[in-house]
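Enquirer: Below is the file entry.txt, which contains compact mmCIF, C-alpha atoms.
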# COMPACT_ATOMS: atom_id res chain seq x y z
CA MET A 2 -18.32 25.45 61.24
CA LYS A 3 -14.68 25.63 60.25
CA GLU A 4 -12.56 23.24 62.28
CA PHE A 5 -10.45 24.60 65.13
CA GLN A 6 -8.10 23.69 67.91
CA TYR A 7 -9.74 23.39 71.32
CA VAL A 8 -8.02 24.16 74.61
CA MET A 9 -9.36 24.24 78.14
CA PRO A 10 -7.01 26.05 80.52
CA ALA A 11 -7.35 25.25 84.20
CA THR A 12 -6.10 28.60 85.48
CA LEU A 13 -6.36 32.25 84.54
CA GLU A 14 -2.59 32.32 84.04
CA GLU A 15 -2.82 29.52 81.51
CA ALA A 16 -5.71 31.25 79.73
CA VAL A 17 -3.82 34.53 79.45
CA SER A 18 -0.73 32.80 78.09
CA LEU A 19 -2.93 31.09 75.48
CA THR A 20 -4.59 34.34 74.43
CA ALA A 21 -1.14 35.92 74.23
CA GLN A 22 0.06 33.01 72.11
CA TYR A 23 -2.86 32.87 69.67
CA GLY A 24 -3.93 36.52 69.78
CA MET A 25 -6.51 37.49 67.19
CA LYS A 26 -6.69 33.93 65.83
CA SER A 27 -8.33 32.72 69.07
CA ALA A 28 -11.73 33.19 70.59
CA LEU A 29 -12.66 32.93 74.24
CA LEU A 30 -15.55 30.57 74.93
CA ALA A 31 -17.87 31.20 77.86
CA GLY A 32 -21.52 30.21 77.30
CA GLY A 33 -21.16 30.06 73.53
CA THR A 34 -24.65 31.43 72.89
CA ASP A 35 -23.19 34.17 70.69
CA LEU A 36 -19.88 32.67 69.57
CA ILE A 37 -21.20 29.30 68.35
CA VAL A 38 -23.98 31.01 66.37
CA GLN A 39 -21.46 33.40 64.80
CA MET A 40 -19.17 30.52 63.87
CA LYS A 41 -22.05 28.59 62.31
CA ARG A 42 -22.92 31.66 60.24
CA GLY A 43 -19.30 32.09 59.15
CA LEU A 44 -19.00 35.48 60.87
CA LYS A 45 -16.16 34.29 63.05
CA SER A 46 -13.69 31.51 62.36
CA PRO A 47 -11.11 31.33 65.12
CA SER A 48 -8.39 28.75 64.63
CA CYS A 49 -8.31 28.18 68.38
CA ILE A 50 -11.09 28.19 70.94
CA ILE A 51 -10.12 28.79 74.54
CA ASN A 52 -12.82 27.43 76.84
CA LEU A 53 -12.72 29.42 80.08
CA LYS A 54 -15.25 27.37 82.01
CA ARG A 55 -12.74 25.35 84.03
CA ILE A 56 -11.38 28.51 85.65
CA ARG A 57 -13.23 28.78 88.96
CA GLU A 58 -11.84 32.19 89.80
CA LEU A 59 -13.88 33.63 86.92
CA LYS A 60 -17.21 32.52 88.34
CA TYR A 61 -18.42 34.19 91.54
CA ILE A 62 -20.79 36.83 92.89
CA CYS A 63 -19.60 38.82 95.92
CA TYR A 64 -21.61 41.53 97.58
CA SER A 65 -21.04 43.62 100.67
CA PRO A 66 -22.87 46.79 101.77
CA GLU A 67 -19.44 48.43 102.15
CA LYS A 68 -17.71 47.46 98.92
CA GLY A 69 -20.57 46.82 96.51
CA LEU A 70 -20.84 44.06 93.95
CA SER A 71 -18.16 42.05 92.26
CA ILE A 72 -19.13 39.53 89.55
CA GLY A 73 -17.00 37.07 87.65
CA PRO A 74 -17.54 37.11 83.86
CA LEU A 75 -18.72 33.49 83.72
CA ILE A 76 -21.89 34.09 85.72
CA ALA A 77 -24.84 33.08 83.55
CA HIS A 78 -27.81 35.42 83.09
CA ASN A 79 -30.26 33.21 84.99
CA GLU A 80 -27.98 32.94 87.98
CA LEU A 81 -27.37 36.67 87.92
CA SER A 82 -31.03 37.60 87.63
CA GLU A 83 -31.99 35.36 90.55
CA HIS A 84 -29.18 36.30 92.92
CA ARG A 85 -30.63 37.94 95.99
CA ALA A 86 -27.96 40.63 96.38
CA ILE A 87 -28.48 41.73 92.78
CA VAL A 88 -32.28 41.59 92.86
CA GLU A 89 -32.33 43.65 96.07
CA ASN A 90 -29.56 46.15 95.40
CA TYR A 91 -29.24 46.41 91.61
CA PRO A 92 -32.68 45.38 90.32
CA LEU A 93 -32.25 46.99 86.88
CA LEU A 94 -29.33 44.66 86.18
CA ALA A 95 -31.37 41.60 87.17
CA GLU A 96 -34.25 42.88 85.01
CA ALA A 97 -32.01 43.36 82.01
CA ALA A 98 -30.51 39.86 82.31
CA ARG A 99 -34.02 38.42 82.46
CA THR A 100 -34.93 39.97 79.07
CA ILE A 101 -32.19 38.13 77.22
CA GLY A 102 -33.08 35.37 74.76
CA THR A 103 -34.83 32.43 76.31
CA PHE A 104 -34.52 30.34 79.45
CA GLN A 105 -32.15 27.94 77.68
CA ILE A 106 -29.95 30.79 76.48
CA ARG A 107 -29.92 32.42 79.90
CA GLU A 108 -28.73 29.18 81.51
CA ARG A 109 -25.54 29.29 79.42
CA GLY A 110 -25.02 32.86 78.23
CA THR A 111 -22.83 34.90 80.56
CA ILE A 112 -22.48 38.53 81.57
CA GLY A 113 -18.84 38.49 80.46
CA GLY A 114 -19.92 37.21 77.07
CA ASN A 115 -22.65 39.84 76.79
CA ILE A 116 -20.09 42.58 77.50
CA CYS A 117 -17.25 41.26 75.33
CA ASN A 118 -19.50 40.34 72.38
CA ALA A 119 -20.29 44.08 72.48
CA SER A 120 -23.46 44.11 70.47
CA PRO A 121 -24.83 47.69 70.45
CA ALA A 122 -28.11 45.99 71.42
CA ALA A 123 -26.69 44.13 74.44
CA ASP A 124 -29.13 44.28 77.34
CA THR A 125 -26.83 44.17 80.35
CA ILE A 126 -24.53 46.93 79.16
CA PRO A 127 -26.79 50.02 79.55
CA PRO A 128 -27.57 49.09 83.19
CA LEU A 129 -23.89 48.46 83.82
CA ILE A 130 -23.08 51.89 82.40
CA CYS A 131 -25.69 53.51 84.66
CA LEU A 132 -24.30 51.61 87.65
CA GLY A 133 -20.79 52.89 86.96
CA ALA A 134 -19.36 49.40 86.41
CA LYS A 135 -15.61 48.94 86.16
CA LEU A 136 -14.02 46.06 84.28
CA ARG A 137 -10.86 44.34 85.40
CA LEU A 138 -8.75 42.96 82.56
CA GLN A 139 -5.83 40.59 82.93
CA GLY A 140 -3.14 40.63 80.23
CA SER A 141 0.16 38.81 79.96
CA ALA A 142 2.17 41.81 81.13
CA GLU A 143 -0.24 43.71 83.32
CA GLU A 144 -3.64 43.93 84.93
CA ARG A 145 -5.74 47.03 84.32
CA THR A 146 -9.14 48.42 85.21
CA THR A 147 -11.35 50.40 82.85
CA GLY A 148 -14.72 52.06 83.19
CA ILE A 149 -17.28 50.16 81.12
CA GLU A 150 -18.11 53.30 79.12
CA ASP A 151 -14.59 53.36 77.72
CA PHE A 152 -14.60 49.70 76.74
CA PHE A 153 -16.48 49.90 73.43
CA GLU A 154 -15.18 51.08 70.06
CA GLY A 155 -17.87 50.02 67.63
CA PRO A 156 -20.35 47.26 66.87
CA GLN A 157 -18.82 44.09 68.34
CA LYS A 158 -15.51 45.88 68.86
CA THR A 159 -14.08 46.36 72.32
CA ARG A 160 -10.79 47.68 73.65
CA LEU A 161 -9.92 44.25 75.00
CA LYS A 162 -6.34 43.61 73.92
CA PRO A 163 -5.56 40.34 72.11
CA ASP A 164 -3.75 38.97 75.19
CA GLU A 165 -6.41 40.02 77.73
CA VAL A 166 -9.18 38.24 79.58
CA LEU A 167 -12.02 40.01 81.40
CA THR A 168 -11.79 38.83 84.99
CA GLN A 169 -14.14 40.97 87.03
CA ILE A 170 -17.07 43.36 86.85
CA GLU A 171 -17.19 45.73 89.82
CA ILE A 172 -20.23 47.81 90.72
CA PRO A 173 -20.08 50.35 93.53
CA ILE A 174 -22.58 50.81 96.32
CA LEU A 175 -25.41 53.11 95.29
CA PRO A 176 -26.29 56.18 97.34
CA PRO A 177 -29.55 56.10 99.29
CA CYS A 178 -32.72 57.23 97.46
CA THR A 179 -31.53 55.74 94.21
CA GLY A 180 -33.77 53.87 91.81
CA GLY A 181 -33.48 52.62 88.27
CA ILE A 182 -35.03 50.47 85.59
CA TYR A 183 -34.26 48.78 82.27
CA LEU A 184 -36.92 48.84 79.56
CA LYS A 185 -36.55 46.77 76.41
CA LEU A 186 -38.68 47.33 73.34
CA GLY A 187 -39.29 44.35 71.15
CA VAL A 188 -41.99 42.90 68.96
CA ARG A 189 -42.23 39.91 71.31
CA LYS A 190 -41.34 39.16 74.92
CA ALA A 191 -38.57 36.64 74.33
CA LEU A 192 -35.90 35.81 71.76
CA GLU A 193 -35.75 39.48 70.95
CA VAL A 194 -32.94 41.84 70.10
CA ALA A 195 -33.87 45.25 71.50
CA ILE A 196 -35.32 47.68 68.99
CA VAL A 197 -34.51 50.24 71.66
CA GLY A 198 -33.35 49.59 75.23
CA VAL A 199 -33.32 52.26 77.94
CA ALA A 200 -31.62 52.07 81.34
CA THR A 201 -31.99 54.88 83.84
CA LEU A 202 -30.78 55.45 87.37
CA LEU A 203 -31.85 58.45 89.47
CA THR A 204 -30.74 59.64 92.88
CA LEU A 205 -32.88 62.13 94.80
CA ASP A 206 -32.32 64.20 97.89
CA ASP A 207 -34.94 64.53 100.62
CA GLN A 208 -36.60 67.40 98.71
CA LYS A 209 -37.09 65.04 95.73
CA THR A 210 -34.56 67.06 93.77
CA CYS A 211 -32.41 65.03 91.42
CA VAL A 212 -28.80 64.89 92.62
CA GLY A 213 -27.69 62.10 90.34
CA ALA A 214 -28.86 60.86 86.96
CA ARG A 215 -27.61 58.14 84.63
CA ILE A 216 -29.17 57.24 81.30
CA ALA A 217 -27.83 54.70 78.79
CA LEU A 218 -29.41 53.20 75.69
CA ALA A 219 -29.13 50.06 73.61
CA SER A 220 -29.60 49.81 69.85
CA VAL A 221 -29.43 53.55 69.11
CA ALA A 222 -25.76 53.99 68.24
CA PRO A 223 -22.75 51.92 67.13
CA ILE A 224 -22.03 51.28 70.81
CA PRO A 225 -24.17 51.19 73.96
CA LEU A 226 -24.85 54.88 74.48
CA PRO A 227 -24.50 56.91 77.69
CA CYS A 228 -26.47 60.17 77.45
CA HIS A 229 -24.48 62.66 79.50
CA ARG A 230 -26.17 65.83 78.23
CA ALA A 231 -29.59 64.52 79.22
CA GLU A 232 -28.17 63.48 82.60
CA ALA A 233 -26.77 66.96 83.20
CA ALA A 234 -30.16 68.46 82.31
CA LEU A 235 -31.75 66.48 85.15
CA VAL A 236 -29.27 67.12 87.94
CA GLY A 237 -30.35 69.92 90.25
CA GLU A 238 -33.94 69.82 88.98
CA LYS A 239 -37.09 68.76 90.79
CA ILE A 240 -38.32 65.69 88.91
CA GLY A 241 -41.61 66.33 87.14
CA ASP A 242 -43.28 65.95 83.77
CA LYS A 243 -41.63 68.97 82.13
CA VAL A 244 -38.13 68.06 83.29
CA ILE A 245 -38.55 64.43 82.22
CA ASP A 246 -39.90 65.54 78.85
CA GLN A 247 -36.89 67.78 78.28
CA ALA A 248 -34.48 65.02 79.25
CA ALA A 249 -36.18 62.57 76.89
CA LYS A 250 -35.89 65.08 74.04
CA GLU A 251 -32.22 65.56 74.89
CA VAL A 252 -31.70 61.79 74.67
CA GLN A 253 -33.35 61.85 71.24
CA GLU A 254 -30.75 64.39 70.15
CA GLU A 255 -27.83 62.37 71.50
CA ALA A 256 -28.94 59.09 69.92
CA VAL A 257 -28.04 58.19 66.33
CA PRO A 258 -30.37 55.31 65.47
CA ILE A 259 -30.24 53.61 62.10
CA SER A 260 -32.88 51.86 60.03
CA ASP A 261 -32.51 48.09 59.97
CA LEU A 262 -34.68 45.02 59.83
CA ARG A 263 -36.04 45.68 63.31
CA GLY A 264 -37.17 49.24 62.74
CA THR A 265 -36.63 52.53 60.96
CA ALA A 266 -34.53 55.32 62.38
CA GLU A 267 -37.70 57.46 62.61
CA TYR A 268 -39.53 54.82 64.61
CA ARG A 269 -36.55 54.36 66.90
CA ARG A 270 -36.29 58.11 67.45
CA GLU A 271 -39.92 58.23 68.52
CA MET A 272 -39.50 55.18 70.77
CA ILE A 273 -36.37 56.66 72.36
CA TYR A 274 -38.52 59.59 73.51
CA VAL A 275 -41.40 57.41 74.73
CA LEU A 276 -39.23 54.87 76.54
CA THR A 277 -36.91 57.40 78.14
CA LYS A 278 -39.90 59.25 79.58
CA ARG A 279 -41.36 55.98 80.80
CA ALA A 280 -38.07 54.83 82.30
CA LEU A 281 -37.44 58.12 84.12
CA ASN A 282 -40.97 58.11 85.51
CA GLU A 283 -40.60 54.52 86.68
CA ALA A 284 -37.19 55.14 88.24
CA PHE A 285 -38.67 58.09 90.12
CA LYS A 286 -41.62 56.00 91.32
CA ARG A 287 -39.29 53.28 92.52
CA ILE A 288 -37.53 55.77 94.79
CA VAL A 289 -40.53 57.63 96.19
CA GLY A 290 -42.83 54.61 96.29
CA MET B 8 -7.41 19.43 63.25
CA ALA B 9 -6.99 16.64 65.75
CA LYS B 10 -9.95 14.82 67.19
CA VAL B 11 -10.41 14.94 70.96
CA THR B 12 -11.36 12.12 73.32
CA ILE B 13 -14.44 12.88 75.37
CA THR B 14 -16.38 11.03 78.04
CA ILE B 15 -20.04 12.00 78.30
CA TYR B 16 -22.77 10.51 80.47
CA VAL B 17 -26.06 10.38 78.61
CA ASN B 18 -29.20 9.14 80.34
CA GLY B 19 -27.05 7.37 82.88
CA GLU B 20 -24.74 5.60 80.41
CA SER B 21 -21.13 6.63 79.87
CA TYR B 22 -19.71 7.05 76.37
CA GLU B 23 -16.04 7.51 75.57
CA THR B 24 -15.30 8.50 72.00
CA LEU B 25 -13.28 10.66 69.62
CA VAL B 26 -14.91 13.77 68.17
CA LYS B 27 -13.88 16.73 66.07
CA PRO B 28 -13.90 19.87 68.24
CA SER B 29 -16.51 21.45 65.94
CA THR B 30 -19.08 18.70 66.69
CA THR B 31 -21.97 20.09 68.67
CA LEU B 32 -23.57 18.13 71.50
CA LEU B 33 -26.68 17.94 69.30
CA ASP B 34 -24.81 16.31 66.43
CA PHE B 35 -23.02 14.01 68.85
CA LEU B 36 -26.31 12.81 70.36
CA ARG B 37 -28.03 12.29 67.02
CA ASP B 38 -25.21 11.16 64.70
CA HIS B 39 -22.80 9.40 67.05
CA LEU B 40 -25.17 7.92 69.66
CA PHE B 41 -28.20 7.66 67.35
CA LEU B 42 -30.36 9.25 70.04
CA THR B 43 -32.56 11.01 67.54
CA GLY B 44 -35.24 12.07 70.01
CA THR B 45 -33.48 15.43 70.33
CA LYS B 46 -34.28 17.36 67.17
CA LYS B 47 -32.36 19.79 64.98
CA GLY B 48 -34.61 22.74 64.13
CA CYS B 49 -32.88 26.07 63.60
CA ASN B 50 -29.46 24.88 64.81
CA THR B 51 -28.81 28.37 66.24
CA GLY B 52 -30.49 28.37 69.65
CA GLU B 53 -33.76 29.99 68.62
CA CYS B 54 -36.31 27.18 68.46
CA GLY B 55 -35.59 24.89 71.40
CA ALA B 56 -36.12 21.66 69.45
CA CYS B 57 -32.70 20.55 70.66
CA THR B 58 -33.33 21.22 74.35
CA VAL B 59 -31.55 18.82 76.71
CA ILE B 60 -30.58 18.88 80.36
CA LEU B 61 -26.84 19.36 80.83
CA ASP B 62 -25.53 19.04 84.40
CA GLY B 63 -28.95 20.00 85.70
CA LYS B 64 -29.40 22.97 83.36
CA VAL B 65 -31.81 23.26 80.45
CA VAL B 66 -29.78 24.21 77.37
CA ASN B 67 -29.85 24.22 73.57
CA ALA B 68 -27.63 21.31 72.56
CA CYS B 69 -26.92 23.00 69.21
CA LEU B 70 -24.95 25.68 71.06
CA VAL B 71 -22.86 23.32 73.17
CA LEU B 72 -19.70 21.78 71.76
CA ALA B 73 -19.46 18.06 72.50
CA VAL B 74 -15.91 18.63 73.72
CA ASP B 75 -17.28 21.22 76.15
CA ALA B 76 -19.68 18.58 77.53
CA SER B 77 -16.93 16.09 78.30
CA GLY B 78 -17.32 14.95 81.89
CA SER B 79 -20.92 16.16 81.98
CA HIS B 80 -24.25 14.47 82.54
CA VAL B 81 -26.87 14.85 79.82
CA THR B 82 -30.53 13.90 79.93
CA THR B 83 -32.40 13.62 76.66
CA VAL B 84 -36.05 12.80 76.01
CA GLU B 85 -35.07 9.13 75.74
CA GLY B 86 -34.05 9.39 79.38
CA LEU B 87 -37.44 10.70 80.49
CA GLY B 88 -39.34 7.57 79.80
CA ASP B 89 -40.29 5.06 77.13
CA ALA B 90 -43.36 3.23 75.90
CA GLU B 91 -43.29 0.76 78.78
CA HIS B 92 -42.53 3.35 81.46
CA PRO B 93 -43.57 6.75 80.19
CA HIS B 94 -43.02 9.91 82.21
CA LEU B 95 -46.18 11.56 83.56
CA LEU B 96 -45.61 14.43 81.15
CA GLN B 97 -45.39 12.07 78.17
CA VAL B 98 -48.71 10.50 79.17
CA ALA B 99 -50.28 13.92 79.68
CA PHE B 100 -49.04 15.19 76.30
CA ALA B 101 -50.48 12.15 74.52
CA GLU B 102 -53.79 12.34 76.36
CA HIS B 103 -54.29 16.08 75.80
CA GLY B 104 -53.53 16.11 72.08
CA ALA B 105 -50.38 18.11 72.78
CA ILE B 106 -48.49 16.26 70.04
CA GLN B 107 -49.19 17.14 66.39
CA CYS B 108 -46.14 16.68 64.18
CA GLY B 109 -44.12 15.85 67.27
CA TYR B 110 -41.06 17.86 66.32
CA CYS B 111 -41.18 20.31 69.23
CA THR B 112 -42.32 17.63 71.65
CA PRO B 113 -38.98 16.35 72.96
CA GLY B 114 -37.84 19.91 73.67
CA MET B 115 -41.18 20.76 75.29
CA LEU B 116 -40.99 17.66 77.48
CA ILE B 117 -37.46 18.40 78.63
CA SER B 118 -38.22 22.07 79.34
CA SER B 119 -41.41 21.29 81.21
CA LYS B 120 -39.87 18.41 83.17
CA ALA B 121 -37.06 20.70 84.30
CA LEU B 122 -39.58 23.41 85.19
CA LEU B 123 -41.59 21.05 87.39
CA ASP B 124 -38.38 19.82 89.03
CA ARG B 125 -37.55 23.42 89.94
CA ASN B 126 -41.07 24.54 90.73
CA PRO B 127 -43.72 21.84 91.25
CA ASN B 128 -46.52 24.39 91.16
CA PRO B 129 -45.91 26.91 88.40
CA SER B 130 -48.54 29.39 87.33
CA GLU B 131 -49.67 29.49 83.71
CA ALA B 132 -47.62 32.67 83.25
CA GLU B 133 -44.52 30.91 84.61
CA ILE B 134 -45.09 27.95 82.31
CA LYS B 135 -45.38 30.27 79.30
CA MET B 136 -42.30 32.26 80.24
CA THR B 137 -40.20 29.15 80.74
CA LEU B 138 -41.38 27.60 77.48
CA ALA B 139 -40.75 30.80 75.48
CA GLY B 140 -37.64 29.09 74.15
CA ASN B 141 -39.56 26.16 72.70
CA LEU B 142 -41.37 26.97 69.48
CA CYS B 143 -44.22 24.91 68.06
CA ARG B 144 -44.92 25.57 64.39
CA CYS B 145 -48.11 23.52 64.48
CA GLY B 146 -49.38 26.14 66.91
CA GLY B 147 -50.14 23.52 69.52
CA TYR B 148 -49.30 25.67 72.53
CA LEU B 149 -52.75 25.57 74.16
CA LYS B 150 -52.78 21.79 74.45
CA ILE B 151 -49.17 21.69 75.57
CA ILE B 152 -49.91 24.09 78.41
CA GLU B 153 -53.05 22.12 79.35
CA ALA B 154 -51.01 18.92 79.44
CA ILE B 155 -48.42 20.48 81.73
CA LYS B 156 -51.09 21.98 83.98
CA SER B 157 -52.76 18.58 84.29
CA VAL B 158 -49.50 17.15 85.66
CA VAL B 159 -49.11 20.09 88.04
CA LYS B 160 -52.51 19.34 89.55
CA THR B 161 -51.52 15.75 90.42
Just give me the structure as structure tokens.

Expert:
Amino acid sequence: MKEFQYVMPATLEEAVSLTAQYGMKSALLAGGTDLIVQMKRGLKSPSCIINLKRIRELKYICYSPEKGLSIGPLIAHNELSEHRAIVENYPLLAEAARTIGTFQIRERGTIGGNICNASPAADTIPPLICLGAKLRLQGSAEERTTGIEDFFEGPQKTRLKPDEVLTQIEIPILPPCTGGIYLKLGVRKALEVAIVGVATLLTLDDQKTCVGARIALASVAPIPLPCHRAEAALVGEKIGDKVIDQAAKEVQEEAVPISDLRGTAEYRREMIYVLTKRALNEAFKRIVG
Amino acid sequence: MAKVTITIYVNGESYETLVKPSTTLLDFLRDHLFLTGTKKGCNTGECGACTVILDGKVVNACLVLAVDASGSHVTTVEGLGDAEHPHLLQVAFAEHGAIQCGYCTPGMLISSKALLDRNPNPSEAEIKMTLAGNLCRCGGYLKIIEAIKSVVKT
């Protein structure tokens, strides 16, 4: 690794002033399970590393049935996936966190890191998109909030400004009769980057008609991909095999998978169809029981 | 770039020293403290040979900067037990033939010790899931799991 300056701000204010000072030459360090690997491989060589882990206000999980969920970016995947409020109210997010890496990686890797590293294959991002997550970003001049869908520009490229720090992930309360799931396709069950990942969230009325649908995929586009056309095709329909089949085909159309070392575009296209059908069926089952 | 002073507690002993910021906890343990029980395998968090306990959490030491571990408590395999006073797991591994080349063994011991601390009665499935981050290239998994299960029964 190239040598660097190391700073450990005690407050968010200090951190923001450091990111403003160093800008693109700095990197924010949370768990380090992506950043340290990238630095060892020469993919990133920041001249300054800003370790955020002393800043307590970035590490919390708050849930209320009125306001929903609020998570600090420094929450590690293991802690997130075991937290009762998340397991009970947002199980697809807990599921997704549990598929990441290995136990050792999940003890250190954080949700904020998963989001800001912005791999198109990131596992927590499709569920966060389905859950309508909003990100709070603190810069030197202002604080702003953005929907997570608008945060990504390309592979490992976000709209985080050079002087900004992600401070909060907010997830609203879900309507009743809502169920979702995250499915990850890999050759093995751990240490895997998704070949395809599918997150779905459905809301039904008491006639089992779909009144809300969210679908988002990993590893099928330059960024984590929301599938709004497929969602629109589901809303207002009674959920059944034909409707699910049509939605899965619509997702296939919206996705733009590439061929890489983990799979061909053709294989991914086929798996997008299979997994989307499976995920929609499972989400439906989770609501109706 | 300037070196940084760190204080780390390893297996109950405190060490104060100067390190370059780019030094990983793994390199610090092996090259500065000569605690070579913790192994360097892939050096990128994918094999678990460098598994240590850091402030109660099981982590890959190759992904932790030594400067980031300043003020922290680390347990390595040397802290589990030694020839005179081996840990139950070390005895079980030896007795069950769970050690072939021995390279994965320190990481396996740390991961399984931490598992049993968290959950004294894990199922085989739980053992396998928790050890997914510790690779054994000798293929010795069966004996490793048997060794762990034998400790669970006691």

Enquirer: Provide as a list in words the residues of chain B at most 8 Å from chain A, counting all atoms listed in the file.

Expert: Met8, Ala9, Lys27, Pro28, Ser29, Thr51, Gly52, Glu53, Gly55, Thr58, Lys64, Val65, Val66, Asn67, Leu70, Val71, Asp75, Thr137, Leu138, Ala139 and Gly140 of chain B

Enquirer: Would you output that residue set with C-alpha atoms, as an mmCIF file, in the coordinates of the input?

Expert:
data_model
loop_
_atom_site.group_PDB
_atom_site.id
_atom_site.type_symbol
_atom_site.label_atom_id
_atom_site.label_comp_id
_atom_site.auth_asym_id
_atom_site.auth_seq_id
_atom_site.Cartn_x
_atom_site.Cartn_y
_atom_site.Cartn_z
ATOM 1 C CA MET B 8 -7.410 19.430 63.250
ATOM 2 C CA ALA B 9 -6.990 16.640 65.750
ATOM 3 C CA LYS B 27 -13.880 16.730 66.070
ATOM 4 C CA PRO B 28 -13.900 19.870 68.240
ATOM 5 C CA SER B 29 -16.510 21.450 65.940
ATOM 6 C CA THR B 51 -28.810 28.370 66.240
ATOM 7 C CA GLY B 52 -30.490 28.370 69.650
ATOM 8 C CA GLU B 53 -33.760 29.990 68.620
ATOM 9 C CA GLY B 55 -35.590 24.890 71.400
ATOM 10 C CA THR B 58 -33.330 21.220 74.350
ATOM 11 C CA LYS B 64 -29.400 22.970 83.360
ATOM 12 C CA VAL B 65 -31.810 23.260 80.450
ATOM 13 C CA VAL B 66 -29.780 24.210 77.370
ATOM 14 C CA ASN B 67 -29.850 24.220 73.570
ATOM 15 C CA LEU B 70 -24.950 25.680 71.060
ATOM 16 C CA VAL B 71 -22.860 23.320 73.170
ATOM 17 C CA ASP B 75 -17.280 21.220 76.150
ATOM 18 C CA THR B 137 -40.200 29.150 80.740
ATOM 19 C CA LEU B 138 -41.380 27.600 77.480
ATOM 20 C CA ALA B 139 -40.750 30.800 75.480
ATOM 21 C CA GLY B 140 -37.640 29.090 74.150
#

Enquirer: One decimal, in Å: what's the spacing between atom CA of B:Ser118 and atom CA of B:Arg144?

Expert: 16.8 Å

Enquirer: Do you know which residues are at most 10 Å from B:Leu95 counting only C-alpha atoms, after dropping those on the same chain fewer than 4 positions away, and could you put them as number ranges by chain?

Expert: B: 87-88, 99-100, 120, 154-155, 157-158, 161

Enquirer: Can you tell me how far atom CA of A:Ala86 sits from atom CA of A:Lys185, in Å to one decimal?

Expert: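 Distance reported for this atom pair: 22.6 Å.
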
Enquirer: I need the residue nearest B:Leu116 from this list: B:Ala68, B:Glu131, B:Val81, B:Gly44. Use all atoms listed in the file for the distance.

Expert: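 Distance minimum relative to B:Leu116 lands on B:Gly44.
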
Enquirer: Could you check the closest approach to A:Ser220 for each of A:Ser120, A:Gln253, A:Thr125, A:Gln139 and tell me which residue wins, using only C-alpha atoms?

Expert: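 Closest residue, counting only C-alpha atoms: A:Ser120.
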
Enquirer: Set the distance at 8 Å and use only C-alpha atoms: which residues neighbour B:Gly78 once local chain neighbours fewer than 5 positions away are removed? I'd like the list as an mmCIF file with C-alpha atoms, in the frame of the given file.

Expert:
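And here's out.cif as it stands now:
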data_model
loop_
_atom_site.group_PDB
_atom_site.id
_atom_site.type_symbol
_atom_site.label_atom_id
_atom_site.label_comp_id
_atom_site.auth_asym_id
_atom_site.auth_seq_id
_atom_site.Cartn_x
_atom_site.Cartn_y
_atom_site.Cartn_z
ATOM 1 C CA ILE B 13 -14.440 12.880 75.370
ATOM 2 C CA THR B 14 -16.380 11.030 78.040
ATOM 3 C CA ILE B 15 -20.040 12.000 78.300
ATOM 4 C CA TYR B 16 -22.770 10.510 80.470
#

Enquirer: Work out how far atom CA of A:Ala214 is from atom CA of A:Ile87, in Å to one decimal.

Expert: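 Distance between the two atoms: 20.0 Å.
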
Enquirer: Kindly provide, as JSON, the centre and edge lengths (Å, one decimal) of an axis-aligned box around all atoms of stretch 235-239 of chain A given in the file, with 4 Å on each side.

Expert:
{"center_x": -33.2, "center_y": 68.2, "center_z": 88.0, "size_x": 15.8, "size_y": 11.4, "size_z": 13.6}

Enquirer: In terms of the shortest atom-to-atom distance over only C-alpha atoms, which of B:Cys49, B:Cys54, B:Thr82, B:Val59 is closest to B:Ser21?

Expert: B:Thr82

Enquirer: Give the answer as one residue: which of B:Cys145, B:Val159, B:Leu36, B:Val84 has the shortest atom-to-atom distance to B:Tyr22, using all atoms listed in the file?

Expert: B:Leu36

Enquirer: Within 10 Å of A:Glu144, counting all atoms listed in the file, which residues qualify if same-chain residues fewer than 5 places away don't, as a tab-separated table (two decimals) with C-alpha atoms, in the coordinates of the input?

Expert:
chain	number	residue	atom	x	y	z
A	137	ARG	CA	-10.86	44.34	85.40
A	138	LEU	CA	-8.75	42.96	82.56
A	139	GLN	CA	-5.83	40.59	82.93
A	165	GLU	CA	-6.41	40.02	77.73
A	166	VAL	CA	-9.18	38.24	79.58
A	167	LEU	CA	-12.02	40.01	81.40
A	168	THR	CA	-11.79	38.83	84.99

Enquirer: List as a list in words the protein and nucleic acid residues near A:Pro47, meaning an atom at most 6 Å away when all atoms listed in the file are counted, but skip any in the same chain fewer than 4 places from it.

Expert: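 Once the nearby chain positions are removed, what remains is Lys26, Ser27 and Ala28 of chain A.
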